[in-house]
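Everything below belongs to protein30.tsv, which stores TSV, C-alpha atoms and all ligand atoms.
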chain	number	residue	atom	x	y	z
A	1	MET	CA	47.70	37.90	128.68
A	2	ALA	CA	50.98	36.27	129.75
A	3	ARG	CA	52.82	38.21	132.40
A	4	ASP	CA	56.00	38.76	130.31
A	5	ARG	CA	54.03	40.51	127.52
A	6	ARG	CA	53.23	43.38	129.89
A	7	ASP	CA	56.49	45.23	129.45
A	8	LYS	CA	57.30	48.94	129.74
A	9	TYR	CA	55.69	49.75	126.36
A	10	TYR	CA	52.52	47.86	127.24
A	11	TRP	CA	52.05	50.04	130.34
A	12	LYS	CA	53.16	53.20	128.52
A	13	ALA	CA	50.47	52.60	125.87
A	14	LYS	CA	47.89	52.09	128.63
A	15	ASP	CA	48.99	55.30	130.41
A	16	GLU	CA	49.16	57.42	127.27
A	17	GLY	CA	45.95	56.06	125.73
A	18	TYR	CA	47.29	54.27	122.64
A	19	ARG	CA	45.61	51.10	121.41
A	20	SER	CA	48.75	49.02	121.29
A	21	ARG	CA	52.36	48.98	122.42
A	22	ALA	CA	53.22	48.85	118.69
A	23	SER	CA	52.54	52.62	118.59
A	24	TYR	CA	56.01	53.22	120.04
A	25	LYS	CA	57.66	51.28	117.23
A	26	LEU	CA	56.22	53.73	114.71
A	27	PHE	CA	57.21	56.73	116.87
A	28	GLN	CA	60.77	55.35	117.01
A	29	ILE	CA	60.94	54.48	113.29
A	30	ASN	CA	59.65	57.94	112.41
A	31	GLY	CA	61.98	59.64	114.92
A	32	LYS	CA	64.97	57.96	113.29
A	33	HIS	CA	63.97	58.04	109.61
A	34	ASN	CA	61.53	60.98	109.18
A	35	ILE	CA	58.93	59.05	107.24
A	36	ILE	CA	55.69	60.89	107.99
A	37	LYS	CA	55.45	64.67	107.91
A	38	GLU	CA	52.60	67.07	108.55
A	39	GLY	CA	49.85	66.92	105.93
A	40	ASP	CA	50.91	63.55	104.47
A	41	THR	CA	48.42	61.01	103.16
A	42	VAL	CA	49.30	57.75	104.93
A	43	VAL	CA	48.11	54.21	104.20
A	44	ASP	CA	48.65	51.59	106.93
A	45	LEU	CA	48.49	47.95	105.76
A	46	GLY	CA	47.64	45.39	108.46
A	47	ALA	CA	46.54	48.15	110.81
A	48	ALA	CA	44.32	46.52	113.47
A	49	PRO	CA	43.82	47.29	116.31
A	50	GLY	CA	45.03	50.75	115.26
A	51	GLY	CA	48.03	51.82	117.35
A	52	TRP	CA	50.00	52.89	114.24
A	53	LEU	CA	46.91	54.64	112.85
A	54	GLU	CA	46.67	56.80	115.98
A	55	VAL	CA	50.34	57.74	115.67
A	56	ALA	CA	50.13	58.38	111.90
A	57	LYS	CA	47.10	60.63	112.40
A	58	GLU	CA	48.81	62.47	115.25
A	59	ILE	CA	51.95	63.18	113.18
A	60	SER	CA	50.37	63.92	109.79
A	61	GLY	CA	46.96	65.34	110.65
A	62	GLY	CA	46.18	64.53	106.99
A	63	ARG	CA	44.29	61.70	105.33
A	64	VAL	CA	45.02	58.38	107.01
A	65	VAL	CA	43.66	55.04	105.75
A	66	GLY	CA	43.94	51.78	107.69
A	67	VAL	CA	43.49	48.35	106.07
A	68	ASP	CA	43.08	45.00	107.81
A	69	LEU	CA	41.38	41.62	107.55
A	70	LYS	CA	39.83	42.48	110.91
A	71	ARG	CA	37.48	45.31	111.70
A	72	ILE	CA	39.21	48.37	113.16
A	73	ALA	CA	37.21	50.24	115.80
A	74	PRO	CA	36.68	53.86	114.66
A	75	ILE	CA	39.42	56.47	115.16
A	76	GLU	CA	38.46	60.09	114.59
A	77	GLY	CA	39.60	61.33	111.17
A	78	VAL	CA	40.86	57.89	110.05
A	79	GLU	CA	39.23	55.91	107.21
A	80	THR	CA	39.35	52.13	107.23
A	81	VAL	CA	39.05	49.33	104.69
A	82	MET	CA	38.28	45.78	105.76
A	83	GLY	CA	40.12	43.59	103.28
A	84	ASP	CA	43.08	41.44	102.36
A	85	ILE	CA	46.13	43.44	101.25
A	86	THR	CA	47.07	40.64	98.83
A	87	ALA	CA	43.81	41.16	96.85
A	88	ASP	CA	43.49	43.60	93.90
A	89	ARG	CA	39.99	44.57	95.08
A	90	THR	CA	41.46	45.90	98.33
A	91	ILE	CA	44.05	47.96	96.43
A	92	GLU	CA	41.26	49.43	94.27
A	93	LYS	CA	39.35	50.38	97.43
A	94	ILE	CA	42.45	52.06	98.86
A	95	LEU	CA	43.00	53.99	95.62
A	96	GLY	CA	39.34	55.03	95.74
A	97	LEU	CA	40.01	56.66	99.11
A	98	VAL	CA	43.44	58.24	98.51
A	99	GLY	CA	42.69	59.26	94.90
A	100	GLN	CA	44.78	58.69	91.77
A	101	GLY	CA	47.42	61.15	93.10
A	102	GLY	CA	48.38	58.39	95.52
A	103	ALA	CA	49.76	58.24	99.05
A	104	ASP	CA	52.83	60.01	100.45
A	105	VAL	CA	53.58	57.14	102.80
A	106	VAL	CA	52.71	53.42	103.00
A	107	ILE	CA	53.43	51.66	106.29
A	108	CYS	CA	52.92	47.96	106.93
A	109	ASP	CA	53.10	46.14	110.25
A	110	ALA	CA	51.10	43.16	108.95
A	111	ALA	CA	52.01	39.78	110.34
A	112	PRO	CA	50.85	36.34	109.21
A	113	ASN	CA	49.44	33.92	111.78
A	114	LEU	CA	52.54	32.42	113.36
A	115	SER	CA	52.87	28.64	113.54
A	116	GLY	CA	55.99	28.53	115.69
A	117	ASN	CA	57.87	26.84	112.83
A	118	TRP	CA	60.63	29.37	112.13
A	119	SER	CA	61.18	28.72	108.42
A	120	LEU	CA	57.46	28.44	107.62
A	121	ASP	CA	56.75	31.69	109.47
A	122	HIS	CA	59.65	33.40	107.69
A	123	ALA	CA	58.37	32.26	104.25
A	124	ARG	CA	54.81	33.43	105.05
A	125	SER	CA	56.13	36.75	106.31
A	126	ILE	CA	58.20	37.31	103.14
A	127	ASP	CA	55.13	36.48	101.04
A	128	LEU	CA	53.04	39.04	102.89
A	129	THR	CA	55.72	41.74	102.81
A	130	ARG	CA	56.17	41.15	99.06
A	131	SER	CA	52.42	41.76	98.65
A	132	ALA	CA	52.77	44.92	100.74
A	133	LEU	CA	55.59	46.11	98.44
A	134	GLY	CA	53.40	45.35	95.39
A	135	CYS	CA	50.55	47.31	96.95
A	136	ALA	CA	52.87	50.23	97.84
A	137	LYS	CA	54.14	50.36	94.23
A	138	LYS	CA	50.54	50.82	93.05
A	139	ILE	CA	49.52	53.48	95.56
A	140	LEU	CA	52.65	55.54	96.36
A	141	LYS	CA	53.34	58.93	94.81
A	142	PRO	CA	56.76	59.37	93.15
A	143	ASN	CA	59.29	60.01	95.96
A	144	GLY	CA	56.90	58.55	98.57
A	145	HIS	CA	58.16	56.50	101.54
A	146	PHE	CA	57.57	52.91	102.64
A	147	VAL	CA	58.04	51.01	105.91
A	148	VAL	CA	57.44	47.28	106.20
A	149	LYS	CA	57.88	44.68	108.92
A	150	VAL	CA	59.80	41.52	108.02
A	151	PHE	CA	60.70	38.44	110.06
A	152	GLN	CA	64.41	37.75	109.64
A	153	GLY	CA	65.60	34.60	107.91
A	154	ASP	CA	67.40	33.40	104.81
A	155	MET	CA	65.09	35.23	102.34
A	156	PHE	CA	65.53	38.59	104.08
A	157	ASN	CA	68.45	39.88	101.99
A	158	GLN	CA	66.74	39.09	98.71
A	159	PHE	CA	63.64	41.00	99.82
A	160	LEU	CA	65.81	43.92	100.99
A	161	GLU	CA	67.26	44.08	97.46
A	162	GLU	CA	63.73	44.14	95.98
A	163	VAL	CA	62.94	47.17	98.14
A	164	ARG	CA	66.30	48.72	97.18
A	165	ASP	CA	65.39	48.40	93.48
A	166	ASN	CA	62.36	50.63	94.01
A	167	PHE	CA	63.58	53.29	96.45
A	168	ALA	CA	66.48	55.74	96.34
A	169	PHE	CA	67.46	55.06	99.99
A	170	THR	CA	66.87	51.78	101.82
A	171	ARG	CA	67.71	50.80	105.41
A	172	SER	CA	66.74	48.13	107.88
A	173	TYR	CA	65.96	49.22	111.43
A	174	SER	CA	65.06	47.59	114.69
A	175	PRO	CA	63.19	49.97	117.02
A	176	GLN	CA	63.85	49.65	120.75
A	177	ALA	CA	60.15	48.90	121.27
A	178	SER	CA	60.49	45.62	119.32
A	179	ARG	CA	60.79	42.83	121.87
A	180	SER	CA	64.40	41.70	122.28
A	181	GLN	CA	63.50	38.06	121.50
A	182	SER	CA	61.51	39.01	118.38
A	183	ALA	CA	62.76	38.16	114.88
A	184	GLU	CA	61.00	41.21	113.45
A	185	ILE	CA	62.87	44.02	111.75
A	186	TYR	CA	61.60	46.97	109.70
A	187	ILE	CA	62.74	47.89	106.21
A	188	VAL	CA	62.52	51.58	105.40
A	189	GLY	CA	62.46	52.64	101.73
A	190	LYS	CA	62.64	56.38	101.07
A	191	LYS	CA	61.89	58.18	97.81
A	192	PHE	CA	59.92	55.78	95.63
A	193	LEU	CA	61.54	55.61	92.20
A	194	THR	CA	59.48	55.97	89.06
A	195	SER	CA	62.44	56.67	86.75
A	196	PRO	CA	62.85	54.73	83.48
A	197	VAL	CA	66.19	53.20	84.54
A	198	ARG	CA	66.68	50.67	87.31
A	199	ARG	CA	69.63	49.21	89.21
A	200	GLY	CA	71.15	46.44	87.10
A	201	SER	CA	69.75	47.68	83.74
A	202	GLU	CA	72.25	47.64	80.89
A	203	PHE	CA	72.45	50.03	77.90
A	204	GLU	CA	74.77	50.69	74.95
A	205	VAL	CA	75.53	54.40	74.81
A	206	GLU	CA	77.84	56.93	73.18
A	207	ILE	CA	79.32	59.56	75.48
A	208	LYS	CA	78.49	62.93	73.98
A	209	GLU	CA	78.67	65.07	77.13
A	210	LEU	CA	80.66	65.27	80.34
A	211	GLY	CA	79.18	66.38	83.68
A	212	SER	CA	80.87	69.03	85.88
A	213	SER	CA	82.80	66.31	87.78
A	214	GLY	CA	84.24	64.95	84.50
A	215	ASP	CA	82.03	61.83	84.44
A	216	GLY	CA	80.21	61.01	81.21
A	217	ALA	CA	76.57	62.07	81.21
A	218	VAL	CA	74.05	60.28	79.00
A	219	LEU	CA	70.29	60.67	78.72
A	220	ILE	CA	68.18	57.52	78.82
A	221	ASP	CA	64.49	58.32	78.23
A	222	ASN	CA	65.32	61.87	79.37
A	223	PHE	CA	66.84	60.58	82.62
A	224	VAL	CA	70.46	61.54	83.36
A	225	VAL	CA	72.91	58.69	83.93
A	226	PHE	CA	76.51	59.47	84.97
A	227	VAL	CA	79.24	57.11	83.77
A	228	LYS	CA	82.72	57.02	85.36
A	229	GLY	CA	85.98	56.49	83.49
A	230	VAL	CA	84.88	57.51	79.99
A	231	GLU	CA	85.83	60.20	77.50
A	232	LEU	CA	83.87	62.10	74.88
A	233	GLY	CA	83.15	59.90	71.87
A	234	ASP	CA	83.52	56.55	73.75
A	235	ARG	CA	80.93	53.92	72.84
A	236	VAL	CA	80.33	51.65	75.79
A	237	ARG	CA	77.98	49.14	77.37
A	238	ILE	CA	77.01	50.36	80.85
A	239	LYS	CA	75.32	48.80	83.86
A	240	VAL	CA	73.31	50.99	86.27
A	241	GLN	CA	74.72	50.74	89.83
A	242	ASP	CA	72.61	53.21	91.81
A	243	VAL	CA	69.46	55.20	91.08
A	244	LYS	CA	68.54	58.47	92.79
A	245	PRO	CA	65.28	60.40	92.23
A	246	ASN	CA	66.76	62.68	89.52
A	247	PHE	CA	69.80	60.81	88.17
A	248	ALA	CA	71.63	57.49	88.26
A	249	PHE	CA	75.22	56.18	88.29
A	250	ALA	CA	76.47	53.47	85.95
A	251	GLU	CA	79.75	51.69	85.30
A	252	VAL	CA	81.27	50.55	82.02
A	253	ILE	CA	81.02	46.79	81.57
A	254	LYS	CA	82.29	46.69	77.96
A	255	ARG	CA	84.02	49.03	75.55
A	256	LEU	CA	82.48	48.80	72.07
A	257	GLU	CA	84.34	48.87	68.69
B	1	LIG	C1	50.81	43.16	114.55
B	1	LIG	S1	49.21	43.52	113.95
B	1	LIG	C2	49.32	45.23	113.53
B	1	LIG	C3	49.37	46.14	114.73
B	1	LIG	C4	49.19	47.59	114.36
B	1	LIG	N1	50.39	48.12	113.68
B	1	LIG	C5	48.93	48.45	115.57
B	1	LIG	O1	49.75	49.32	115.88
B	1	LIG	O2	47.88	48.31	116.19
B	1	LIG	C6	49.21	42.72	112.39
B	1	LIG	C7	47.91	42.80	111.62
B	1	LIG	O3	48.12	42.35	110.29
B	1	LIG	C8	46.88	41.89	109.82
B	1	LIG	N2	47.04	41.11	108.59
B	1	LIG	C9	47.70	39.95	108.42
B	1	LIG	N3	47.59	39.52	107.13
B	1	LIG	C10	46.83	40.45	106.47
B	1	LIG	C11	46.35	40.56	105.13
B	1	LIG	N4	46.66	39.65	104.20
B	1	LIG	N5	45.59	41.64	104.81
B	1	LIG	C12	45.29	42.56	105.74
B	1	LIG	N6	45.71	42.51	107.04
B	1	LIG	C13	46.48	41.46	107.40
B	1	LIG	C14	46.35	41.08	110.99
B	1	LIG	O4	44.95	40.90	110.88
B	1	LIG	C15	46.77	41.93	112.18
B	1	LIG	O5	45.72	42.74	112.62
Re-express the file's structure as structure tokens.
Ligand SMILES: C[S@@+](CC[C@H](N)C(=O)[O-])C[C@H]1O[C@@H](n2cnc3c(N)ncnc32)[C@H](O)[C@@H]1O
Amino acid sequence: MARDRRDKYYWKAKDEGYRSRASYKLFQINGKHNIIKEGDTVVDLGAAPGGWLEVAKEISGGRVVGVDLKRIAPIEGVETVMGDITADRTIEKILGLVGQGGADVVICDAAPNLSGNWSLDHARSIDLTRSALGCAKKILKPNGHFVVKVFQGDMFNQFLEEVRDNFAFTRSYSPQASRSQSAEIYIVGKKFLTSPVRRGSEFEVEIKELGSSGDGAVLIDNFVVFVKGVELGDRVRIKVQDVKPNFAFAEVIKRLE
């Protein structure tokens, strides 16, 4: 191993008995964003050699499943799947382990083989993270949390928006344990949304009720959407701006009649 790879976190992992220096990234992400709590079912995508699995098991003590193309040497209390996270068969295997109820948390530190060509590596990374998001959408419980590693580049913001469309709260975060020269950054999505309305959706509605703050309140498939700047009886076309687990906010884009 090259001398410069043996930094403070490399030695810390050796001293404290973790499989990889990456363990500290998960400790730092969790310390900042409270992703994993005691008892959670956690699925780790791209988990070998298993540093994040050790940390996830330590924090949750619950069911922890690790998935990787490579074999992961056994960790007590952790189940593993050898498979490609982009393949439906792997997702079925994961669901077989976590059950139809799904996972509380999906974490993904997967990285494609790097070529050294910045834009090619960025495109491959976005492809893999998009697969991880697709996998998380199939296995997360409503209100579950998601963490995924991305290599920065021109497609980053678009991917961030895709995560934002599916989670009530989305942030990007660079843990101190990431190497300073690394292009990696983590996207954290909290509270997986399963509501019938999404950011950007448009509806024609009639305002029949006002909420306590005076905003219009309409029900779309039994989901409450608050609309600013309207009065009782207004018929308007609205566009959803922000979705939270139990309600959403929309703005008027056209007055009807
Ligand atoms: C940086 S390592 C993960 C380190 C891990 N978080 C830890 O703490 O030990 C990235 C892993 O992603 C895996 N990976 C890359 N593409 C994958 C894919 N399509 N399916 C499953 N695993 C994949 C690689 O095999 C590699 O083991």
Counting only C-alpha atoms, the option among A:Ile253, A:Ile35, A:Val65, A:Leu45 closest to Gly134 (chain A): A:Leu45
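Take CA of Ala110 (chain A) and atom C1 of ligand LIG 1 (chain B): the distance between them is 5.6 Å.
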Residues within 7 Å of ligand LIG 1 (chain B) (only C-alpha atoms and all ligand atoms), as a compact mmCIF listing (two decimals) with C-alpha atoms, in the frame of the given file?
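Below is the file part_2.txt, written as the result:
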# COMPACT_ATOMS: atom_id res chain seq x y z
CA ARG A 19 45.61 51.10 121.41
CA SER A 20 48.75 49.02 121.29
CA ALA A 22 53.22 48.85 118.69
CA SER A 23 52.54 52.62 118.59
CA LEU A 45 48.49 47.95 105.76
CA GLY A 46 47.64 45.39 108.46
CA ALA A 47 46.54 48.15 110.81
CA ALA A 48 44.32 46.52 113.47
CA PRO A 49 43.82 47.29 116.31
CA GLY A 50 45.03 50.75 115.26
CA GLY A 51 48.03 51.82 117.35
CA TRP A 52 50.00 52.89 114.24
CA LEU A 53 46.91 54.64 112.85
CA VAL A 67 43.49 48.35 106.07
CA ASP A 68 43.08 45.00 107.81
CA LEU A 69 41.38 41.62 107.55
CA LYS A 70 39.83 42.48 110.91
CA GLY A 83 40.12 43.59 103.28
CA ASP A 84 43.08 41.44 102.36
CA ILE A 85 46.13 43.44 101.25
CA THR A 86 47.07 40.64 98.83
CA ASP A 109 53.10 46.14 110.25
CA ALA A 110 51.10 43.16 108.95
CA ALA A 111 52.01 39.78 110.34
CA PRO A 112 50.85 36.34 109.21
CA LEU A 128 53.04 39.04 102.89
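Distances from A:Gly116, A:Cys108, A:Gly31, A:Glu54 to Ala73 (chain A) were compared using all atoms listed in the file, and the smallest one belongs to A:Glu54.
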Contact check, region 8-32 of chain A to region 170-194 of chain A, at most 8 Å, counting all atoms listed in the file, closest pairs as a tab-separated table:
residue	atom	partner	partner_atom	distance
A:Tyr9	CA	A:Ala177	CA	6.8
A:Arg21	CA	A:Ala177	CA	7.9
A:Ala22	CA	A:Ala177	CA	7.4
A:Tyr24	CA	A:Ala177	CA	6.1
A:Lys25	CA	A:Ala177	CA	5.3
A:Gln28	CA	A:Pro175	CA	5.9
A:Ile29	CA	A:Pro175	CA	6.3
Around all of region 27-34 of chain A's listed atoms, make the axis-aligned box with 3 Å on each side and tell me centre and edge lengths in Å to one decimal, as AutoDock Vina command-line options.
--center_x 61.1 --center_y 57.7 --center_z 113.1 --size_x 13.8 --size_y 12.5 --size_z 13.8
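A straight line drawn from CA of Arg124 (chain A) to CA of Glu162 (chain A) is 16.6 Å long.
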Among the residues A:Gly153, A:Pro196, A:Gly96, A:Gly17, the one that comes closest to Val225 (chain A) [using only C-alpha atoms]: A:Pro196
Find the residues around Leu95 (chain A) up to 12 Å (only C-alpha atoms counted), leave out those fewer than 6 positions away in its own chain, and share them as a short mmCIF file (atom, residue, chain, number, x, y, z; two decimals) with C-alpha atoms, in the frame of the given file.
data_model
loop_
_atom_site.label_atom_id
_atom_site.label_comp_id
_atom_site.auth_asym_id
_atom_site.auth_seq_id
_atom_site.Cartn_x
_atom_site.Cartn_y
_atom_site.Cartn_z
CA THR A 41 48.42 61.01 103.16
CA VAL A 42 49.30 57.75 104.93
CA VAL A 43 48.11 54.21 104.20
CA VAL A 65 43.66 55.04 105.75
CA VAL A 67 43.49 48.35 106.07
CA VAL A 81 39.05 49.33 104.69
CA ASP A 88 43.49 43.60 93.90
CA ARG A 89 39.99 44.57 95.08
CA GLY A 101 47.42 61.15 93.10
CA GLY A 102 48.38 58.39 95.52
CA ALA A 103 49.76 58.24 99.05
CA CYS A 135 50.55 47.31 96.95
CA ALA A 136 52.87 50.23 97.84
CA LYS A 137 54.14 50.36 94.23
CA LYS A 138 50.54 50.82 93.05
CA ILE A 139 49.52 53.48 95.56
CA LEU A 140 52.65 55.54 96.36
CA LYS A 141 53.34 58.93 94.81
#
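One distance worth recording is that between CA of Val197 (chain A) and CA of Lys254 (chain A), which is 18.6 Å.
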Closest of A:Ala217, A:Val55, A:Ile36, A:Leu232 to Ala13 (chain A) - atom-to-atom distances counting all atoms listed in the file: A:Val55
Neighbouring residues of Phe247 (chain A) were defined as those with any atom within 9 Å, considering all atoms listed in the file; residues of the same chain fewer than 5 positions away were excluded. Please report them as a CSV table (one decimal) with C-alpha atoms, in the coordinates of the input.
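Contents of result37.csv, as written:
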chain,number,residue,atom,x,y,z
A,195,SER,CA,62.4,56.7,86.8
A,223,PHE,CA,66.8,60.6,82.6
A,224,VAL,CA,70.5,61.5,83.4
A,225,VAL,CA,72.9,58.7,83.9
A,226,PHE,CA,76.5,59.5,85.0
A,242,ASP,CA,72.6,53.2,91.8
Near-Gly200 (chain A) list (8 Å; all atoms listed in the file; drop same-chain fewer than 2 positions) as a PyMOL selection string: chain A and resi 198+202+239-241
When you look at Ile126 (chain A) with a cut-off of 10 Å (counting only C-alpha atoms), what residues show up, excluding the ones that are within fewer than 4 positions of it in the same chain? I need them as a PDB file with C-alpha atoms, in the coordinates of the input.
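around13.pdb was written with the following content:
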ATOM      1  CA  ALA A 111      52.010  39.780 110.340  1.00  0.00           C
ATOM      2  CA  PRO A 112      50.850  36.340 109.210  1.00  0.00           C
ATOM      3  CA  LEU A 120      57.460  28.440 107.620  1.00  0.00           C
ATOM      4  CA  ASP A 121      56.750  31.690 109.470  1.00  0.00           C
ATOM      5  CA  HIS A 122      59.650  33.400 107.690  1.00  0.00           C
ATOM      6  CA  ARG A 130      56.170  41.150  99.060  1.00  0.00           C
ATOM      7  CA  SER A 131      52.420  41.760  98.650  1.00  0.00           C
ATOM      8  CA  ALA A 132      52.770  44.920 100.740  1.00  0.00           C
ATOM      9  CA  LYS A 149      57.880  44.680 108.920  1.00  0.00           C
ATOM     10  CA  VAL A 150      59.800  41.520 108.020  1.00  0.00           C
ATOM     11  CA  PHE A 151      60.700  38.440 110.060  1.00  0.00           C
ATOM     12  CA  GLN A 152      64.410  37.750 109.640  1.00  0.00           C
ATOM     13  CA  GLY A 153      65.600  34.600 107.910  1.00  0.00           C
ATOM     14  CA  MET A 155      65.090  35.230 102.340  1.00  0.00           C
ATOM     15  CA  PHE A 156      65.530  38.590 104.080  1.00  0.00           C
ATOM     16  CA  GLN A 158      66.740  39.090  98.710  1.00  0.00           C
ATOM     17  CA  PHE A 159      63.640  41.000  99.820  1.00  0.00           C
TER      18      PHE A 159
END
A:Asp165, A:Glu79, A:Asp104, A:Asp7 ranked by distance to Leu133 (chain A), top pick (using only C-alpha atoms): A:Asp165
Nearest residue to Val252 (chain A) from the set A:Val106, A:Ile238, A:Ile220, A:Ile72 (distances using all atoms listed in the file): A:Ile238
